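*Asks:* Have a peek at model-v8.tsv (TSV, C-alpha atoms).
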chain	number	residue	atom	x	y	z
A	1	MET	CA	76.75	101.06	88.16
A	2	ASP	CA	78.79	100.60	84.98
A	3	SER	CA	80.50	97.30	84.29
A	4	GLN	CA	84.02	98.54	85.18
A	5	SER	CA	83.10	99.78	88.65
A	6	ALA	CA	81.02	96.66	89.21
A	7	LEU	CA	84.15	94.66	88.36
A	8	ASP	CA	86.25	96.78	90.73
A	9	THR	CA	83.85	96.24	93.59
A	10	ALA	CA	83.67	92.52	92.88
A	11	ASN	CA	87.46	92.28	92.88
A	12	GLN	CA	88.05	94.03	96.17
A	13	PRO	CA	87.49	90.97	98.39
A	14	HIS	CA	90.44	89.31	96.68
A	15	GLN	CA	92.72	92.28	96.01
A	16	GLN	CA	95.39	91.46	98.56
A	17	ALA	CA	95.27	87.77	97.83
A	18	SER	CA	95.94	88.03	94.10
A	19	SER	CA	99.24	89.87	94.24
A	20	ILE	CA	102.38	89.67	96.34
A	21	SER	CA	103.95	92.28	98.59
A	22	HIS	CA	107.57	91.39	97.82
A	23	SER	CA	109.55	92.47	94.77
A	24	VAL	CA	110.49	89.72	92.30
A	25	GLU	CA	114.09	89.87	93.54
A	26	GLU	CA	112.94	89.45	97.13
A	27	VAL	CA	110.87	86.45	96.10
A	28	TYR	CA	113.85	84.64	94.59
A	29	GLN	CA	115.97	85.58	97.59
A	30	LEU	CA	113.31	84.14	99.90
A	31	ALA	CA	113.21	80.99	97.80
A	32	GLN	CA	116.97	80.67	98.08
A	33	SER	CA	117.21	81.40	101.80
A	34	GLN	CA	114.01	79.77	103.10
A	35	GLY	CA	113.07	77.38	100.33
A	36	PHE	CA	109.61	78.67	99.42
A	37	ALA	CA	107.84	81.80	98.17
A	38	LEU	CA	104.81	82.99	96.20
A	39	LEU	CA	105.22	84.86	92.91
A	40	ASP	CA	102.69	86.71	90.77
A	41	GLU	CA	104.38	86.38	87.39
A	42	ALA	CA	105.83	83.54	85.31
A	43	ILE	CA	108.22	81.35	87.30
A	44	ASP	CA	111.87	81.35	86.14
A	45	ALA	CA	112.58	77.64	86.43
A	46	GLU	CA	116.17	77.97	85.24
A	47	ARG	CA	116.92	80.45	87.99
A	48	LEU	CA	115.52	78.03	90.58
A	49	LYS	CA	117.49	75.12	89.12
A	50	ASP	CA	120.68	77.18	89.38
A	51	MET	CA	120.05	77.59	93.11
A	52	LEU	CA	120.21	73.83	93.48
A	53	GLN	CA	123.38	73.31	91.44
A	54	ASP	CA	125.87	71.44	93.63
A	55	ASP	CA	129.01	69.43	92.82
A	56	GLN	CA	128.19	67.06	95.68
A	57	CYS	CA	124.93	66.10	94.06
A	58	GLY	CA	124.38	63.41	91.48
A	59	ALA	CA	120.65	64.01	91.19
A	60	LEU	CA	118.16	66.79	90.55
A	61	ALA	CA	114.45	65.98	90.59
A	62	THR	CA	112.01	68.67	89.52
A	63	PHE	CA	108.23	68.95	89.16
A	64	GLU	CA	106.17	71.47	87.21
A	65	GLY	CA	102.47	71.92	87.89
A	66	TRP	CA	100.63	73.11	84.80
A	67	VAL	CA	97.22	74.75	84.70
A	68	ARG	CA	94.76	72.44	82.95
A	69	ASN	CA	91.13	72.80	82.01
A	70	HIS	CA	89.43	70.99	84.89
A	71	ASN	CA	85.89	71.34	83.68
A	72	ASN	CA	85.37	69.77	80.29
A	73	ASP	CA	81.74	70.83	80.01
A	74	SER	CA	82.19	74.59	80.03
A	75	ARG	CA	84.44	77.00	78.23
A	76	VAL	CA	87.01	78.24	80.74
A	77	THR	CA	87.93	81.83	79.91
A	78	SER	CA	90.44	82.38	82.68
A	79	LEU	CA	91.72	81.21	85.99
A	80	THR	CA	92.89	83.15	89.03
A	81	TYR	CA	94.98	81.83	91.85
A	82	TYR	CA	94.86	83.59	95.20
A	83	GLY	CA	97.18	83.19	98.17
A	84	TYR	CA	97.56	84.19	101.79
A	85	GLU	CA	101.13	85.29	101.20
A	86	LYS	CA	102.51	85.53	104.74
A	87	LEU	CA	101.07	82.21	105.86
A	88	ALA	CA	102.18	80.56	102.62
A	89	ILE	CA	105.76	81.73	103.09
A	90	ASN	CA	105.83	80.66	106.75
A	91	GLN	CA	104.27	77.28	106.03
A	92	GLY	CA	106.42	76.75	102.93
A	93	LYS	CA	109.57	77.31	104.99
A	94	ARG	CA	108.41	74.62	107.43
A	95	ILE	CA	107.69	72.22	104.59
A	96	ILE	CA	111.15	72.59	103.06
A	97	GLU	CA	112.83	72.26	106.48
A	98	GLU	CA	110.79	69.13	107.19
A	99	ALA	CA	111.72	67.67	103.80
A	100	LYS	CA	115.39	68.10	104.66
A	101	ARG	CA	114.83	66.22	107.93
A	102	LEU	CA	112.81	63.41	106.34
A	103	PHE	CA	114.91	62.77	103.24
A	104	ASP	CA	118.62	62.46	102.54
A	105	ILE	CA	118.73	65.52	100.28
A	106	GLU	CA	121.07	68.46	99.93
A	107	ASN	CA	118.64	71.24	99.04
A	108	ALA	CA	115.08	71.92	97.95
A	109	VAL	CA	113.22	74.91	96.60
A	110	ALA	CA	109.65	75.56	95.51
A	111	ILE	CA	107.67	78.51	94.19
A	112	HIS	CA	103.91	78.76	93.72
A	113	ARG	CA	102.51	81.32	91.33
A	114	ILE	CA	99.35	83.35	92.03
A	115	GLY	CA	97.31	85.85	90.03
A	116	ALA	CA	95.70	85.44	86.62
A	117	LEU	CA	96.92	82.31	84.88
A	118	GLU	CA	96.04	80.69	81.57
A	119	ILE	CA	95.65	77.05	80.63
A	120	GLY	CA	99.18	75.76	80.10
A	121	ASP	CA	100.89	78.19	82.47
A	122	MET	CA	103.15	76.83	85.21
A	123	ALA	CA	101.50	77.21	88.62
A	124	VAL	CA	104.14	75.55	90.78
A	125	TRP	CA	107.77	74.47	90.54
A	126	VAL	CA	109.49	72.09	92.95
A	127	GLY	CA	113.15	71.10	92.77
A	128	VAL	CA	115.29	68.84	94.95
A	129	SER	CA	118.99	68.04	94.79
A	130	SER	CA	120.62	65.06	96.45
A	131	LYS	CA	123.68	62.87	96.21
A	132	HIS	CA	121.63	59.92	94.96
A	133	ARG	CA	118.43	59.73	92.96
A	134	TYR	CA	115.84	58.01	95.16
A	135	PRO	CA	115.76	60.62	97.94
A	136	ALA	CA	115.41	63.36	95.27
A	137	PHE	CA	112.35	61.66	93.70
A	138	ASP	CA	110.81	60.88	97.08
A	139	ALA	CA	111.37	64.34	98.55
A	140	CYS	CA	110.05	66.04	95.41
A	141	LYS	CA	106.83	64.03	95.63
A	142	TRP	CA	106.51	64.64	99.38
A	143	ILE	CA	107.07	68.40	99.01
A	144	LEU	CA	104.47	68.65	96.25
A	145	ASP	CA	101.90	66.59	98.19
A	146	THR	CA	102.47	68.72	101.29
A	147	ILE	CA	102.23	71.96	99.31
A	148	LYS	CA	98.90	70.74	97.98
A	149	ALA	CA	97.70	69.90	101.49
A	150	ASP	CA	98.99	72.88	103.44
A	151	ILE	CA	99.81	75.96	101.39
A	152	PRO	CA	97.02	78.56	101.47
A	153	VAL	CA	96.38	79.01	97.76
A	154	TRP	CA	92.95	78.94	96.09
A	155	LYS	CA	91.81	78.67	92.45
A	156	GLN	CA	88.84	80.32	90.81
A	157	GLU	CA	87.81	79.35	87.30
A	158	PHE	CA	85.81	81.77	85.13
A	159	TYR	CA	83.50	80.66	82.32
A	160	GLN	CA	82.11	82.11	79.12
A	161	ASP	CA	78.69	82.65	80.68
A	162	GLU	CA	80.45	84.84	83.30
A	163	SER	CA	79.83	82.36	86.10
A	164	SER	CA	82.75	81.14	88.20
A	165	LYS	CA	83.64	78.27	90.49
A	166	TRP	CA	86.08	77.71	93.31
A	167	LEU	CA	88.08	74.57	92.57
A	168	SER	CA	89.28	72.28	95.31
A	169	ASN	CA	91.96	69.66	95.71
A	170	ASN	CA	90.36	66.26	96.08
A	171	GLY	CA	91.82	63.74	98.45
B	1	MET	CA	89.80	93.55	122.32
B	2	ASN	CA	90.55	94.67	118.77
B	3	ILE	CA	91.23	92.05	116.14
B	4	THR	CA	91.56	91.85	112.37
B	5	VAL	CA	89.96	88.99	110.48
B	6	LEU	CA	91.19	87.94	107.03
B	7	PHE	CA	88.90	86.23	104.54
B	8	PHE	CA	89.92	84.27	101.46
B	9	ALA	CA	88.31	82.62	98.46
B	10	SER	CA	84.65	81.72	98.98
B	11	LEU	CA	84.57	83.35	102.43
B	12	ALA	CA	85.92	86.63	101.01
B	13	GLU	CA	83.30	86.46	98.32
B	14	LYS	CA	80.48	85.98	100.83
B	15	ALA	CA	81.84	88.64	103.18
B	16	GLN	CA	82.50	90.95	100.19
B	17	GLN	CA	85.79	91.95	101.75
B	18	GLY	CA	89.23	90.50	102.33
B	19	GLN	CA	89.69	92.03	105.74
B	20	GLN	CA	87.45	93.10	108.61
B	21	ARG	CA	88.37	94.87	111.84
B	22	LEU	CA	86.39	93.91	114.91
B	23	SER	CA	86.04	95.20	118.45
B	24	VAL	CA	84.95	92.55	120.90
B	25	GLU	CA	83.86	92.93	124.52
B	26	GLY	CA	85.56	90.38	126.76
B	27	LYS	CA	86.89	87.02	125.57
B	28	LEU	CA	85.82	85.30	122.39
B	29	SER	CA	86.79	81.82	121.26
B	30	LEU	CA	87.65	81.00	117.64
B	31	PRO	CA	84.49	78.89	117.17
B	32	GLU	CA	82.42	81.74	118.61
B	33	LEU	CA	84.11	84.22	116.29
B	34	TYR	CA	83.43	82.04	113.25
B	35	ALA	CA	79.80	81.57	114.31
B	36	LYS	CA	79.40	85.32	114.71
B	37	LEU	CA	80.89	85.99	111.27
B	38	THR	CA	78.80	83.19	109.74
B	39	GLN	CA	75.69	84.92	111.02
B	40	GLU	CA	76.87	88.31	109.77
B	41	HIS	CA	78.01	87.23	106.30
B	42	GLY	CA	75.96	84.13	105.60
B	43	PHE	CA	78.88	81.70	105.29
B	44	THR	CA	77.84	78.24	104.19
B	45	LEU	CA	81.21	76.61	104.90
B	46	GLU	CA	81.03	74.49	108.05
B	47	PRO	CA	83.83	74.89	110.65
B	48	ALA	CA	84.97	71.29	110.13
B	49	LYS	CA	86.14	72.27	106.64
B	50	VAL	CA	87.87	75.47	107.76
B	51	ARG	CA	91.35	75.84	109.19
B	52	VAL	CA	92.35	78.78	111.31
B	53	ALA	CA	95.50	80.90	111.38
B	54	ILE	CA	96.63	83.44	113.96
B	55	ASN	CA	99.25	86.04	113.09
B	56	ASP	CA	100.26	84.30	109.86
B	57	GLU	CA	100.78	80.81	111.34
B	58	PHE	CA	98.36	77.88	111.40
B	59	ALA	CA	96.65	77.58	114.77
B	60	SER	CA	94.08	75.26	116.34
B	61	TRP	CA	90.44	75.99	116.97
B	62	ASP	CA	91.00	75.92	120.73
B	63	ASP	CA	93.74	78.55	120.70
B	64	VAL	CA	93.08	81.80	122.53
B	65	ILE	CA	92.45	85.07	120.65
B	66	ASN	CA	94.42	87.99	122.04
B	67	ASP	CA	94.08	91.72	121.56
B	68	GLY	CA	95.71	92.84	118.33
B	69	ASP	CA	95.66	89.39	116.71
B	70	THR	CA	95.11	88.82	113.01
B	71	ILE	CA	92.84	85.81	112.58
B	72	ALA	CA	92.38	84.11	109.23
B	73	PHE	CA	89.81	81.50	108.32
B	74	ILE	CA	91.27	79.18	105.69
B	75	PRO	CA	88.80	77.46	103.33
B	76	PRO	CA	89.86	74.15	101.70
B	77	VAL	CA	93.06	74.93	99.80
B	78	ALA	CA	93.64	74.28	96.12
B	79	GLY	CA	97.33	74.82	95.44
B	80	GLY	CA	99.86	72.62	93.69
Let's see the structure in the file written out as structure tokens.
*Replies:*
Amino acid sequence: MDSQSALDTANQPHQQASSISHSVEEVYQLAQSQGFALLDEAIDAERLKDMLQDDQCGALATFEGWVRNHNNDSRVTSLTYYGYEKLAINQGKRIIEEAKRLFDIENAVAIHRIGALEIGDMAVWVGVSSKHRYPAFDACKWILDTIKADIPVWKQEFYQDESSKWLSNNG
Amino acid sequence: MNITVLFFASLAEKAQQGQQRLSVEGKLSLPELYAKLTQEHGFTLEPAKVRVAINDEFASWDDVINDGDTIAFIPPVAGG
């Protein structure tokens, strides 16, 4: 078996989980209407911020999650994020709705990126608008923590020696 | 009953597929299904570390599997 077909076979278990079924437009529409979506290209943070623009609001709190080199002992050549898209979208909607119940905020939106990412790329964006600042900070933190606990996304790191490892969230 | 099982991450790697269709005689519980698949694919992830989803929503291990369901076993997540 040549190396390309070996690669194809190896990739098949994760084919559906490393790309999304919606168009990019549909993703941003989902983010706007339901609060959460998965994307398989670079996240347009400005577009998401614009969704939260509101004259009633005095505060916008945002968070960016950047891909970092977790393992300092090995040379990381690449990283792939995988997602269970339908569950992620359903669960993400619940998270944003819950955030609006728990915190005195006007609106919230989050997108998680999947697919091949490089060190330094943005993996997740969370934004919250509110009249006053403390609920925005608190909700942003809560949404991120809950995304990390509940959204079905996985990370695989690849190394120079062609080995790989599944990373996990600790705690 | 005919069901579809979705695998992700380390489970997909072990199973060498992202999706498997199964025909089951009679009733099968989620723990029984996972045990059966563990035996078939050699999963090393214990059920306590796995969450389960039915038809694209999180479910509990004591939920009933119905004909036509899509079951997903969710290894520890790593998003954010």
*Asks:* For chain B, work out the contacting residues on chain A at 10 Å, counting only C-alpha atoms, and write them as JSON, numbers by chain.
*Replies:* {"A": [9, 10, 11, 12, 13, 14, 15, 16, 17, 64, 65, 66, 67, 81, 82, 83, 84, 85, 86, 87, 88, 89, 90, 91, 111, 112, 113, 114, 123, 124, 125, 126, 143, 144, 145, 146, 147, 148, 149, 150, 151, 152, 153, 154, 155, 156, 165, 166, 167, 168, 169, 170]}
*Asks:* For Gln32 in chain A, work out the shell of residues within 10 Å, counting all atoms listed in the file and skipping chain neighbours fewer than 5 positions away, then give it as a PyMOL selection string.
*Replies:* chain A and resi 26-27+37+48+51-52+107-110
*Asks:* Tell me, in Å to one decimal, how far CA of Glu106 in chain A is from CA of Cys57 in chain A.
*Replies:*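 Computing it gives 7.4 Å between the two atoms.
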*Asks:* Find the residues around Asp69 in chain B up to 9 Å (only C-alpha atoms counted), leave out those fewer than 2 positions away in its own chain, and share them as a PyMOL selection string.
*Replies:* chain B and resi 2-5+54-55+65-67+71
*Asks:* Do a neighbour search on range 157-162 of chain A at 8 Å with all atoms listed in the file, toss out local chain neighbours closer than 4 positions, and write the hits as a PyMOL selection string.
*Replies:* chain A and resi 74-80+166-167
*Asks:* For CA of Pro135 in chain A and CA of Gln53 in chain A, quote the distance in Å rounded to one decimal.
*Replies:*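 Between these atoms lies a distance of 16.2 Å.
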*Asks:* What separation in Å, quoted to one decimal, exists between CA of Phe43 in chain B and CA of Ile20 in chain A?
*Replies:*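 Atom-to-atom, CA of Phe43 in chain B to CA of Ile20 in chain A, that is 26.4 Å.
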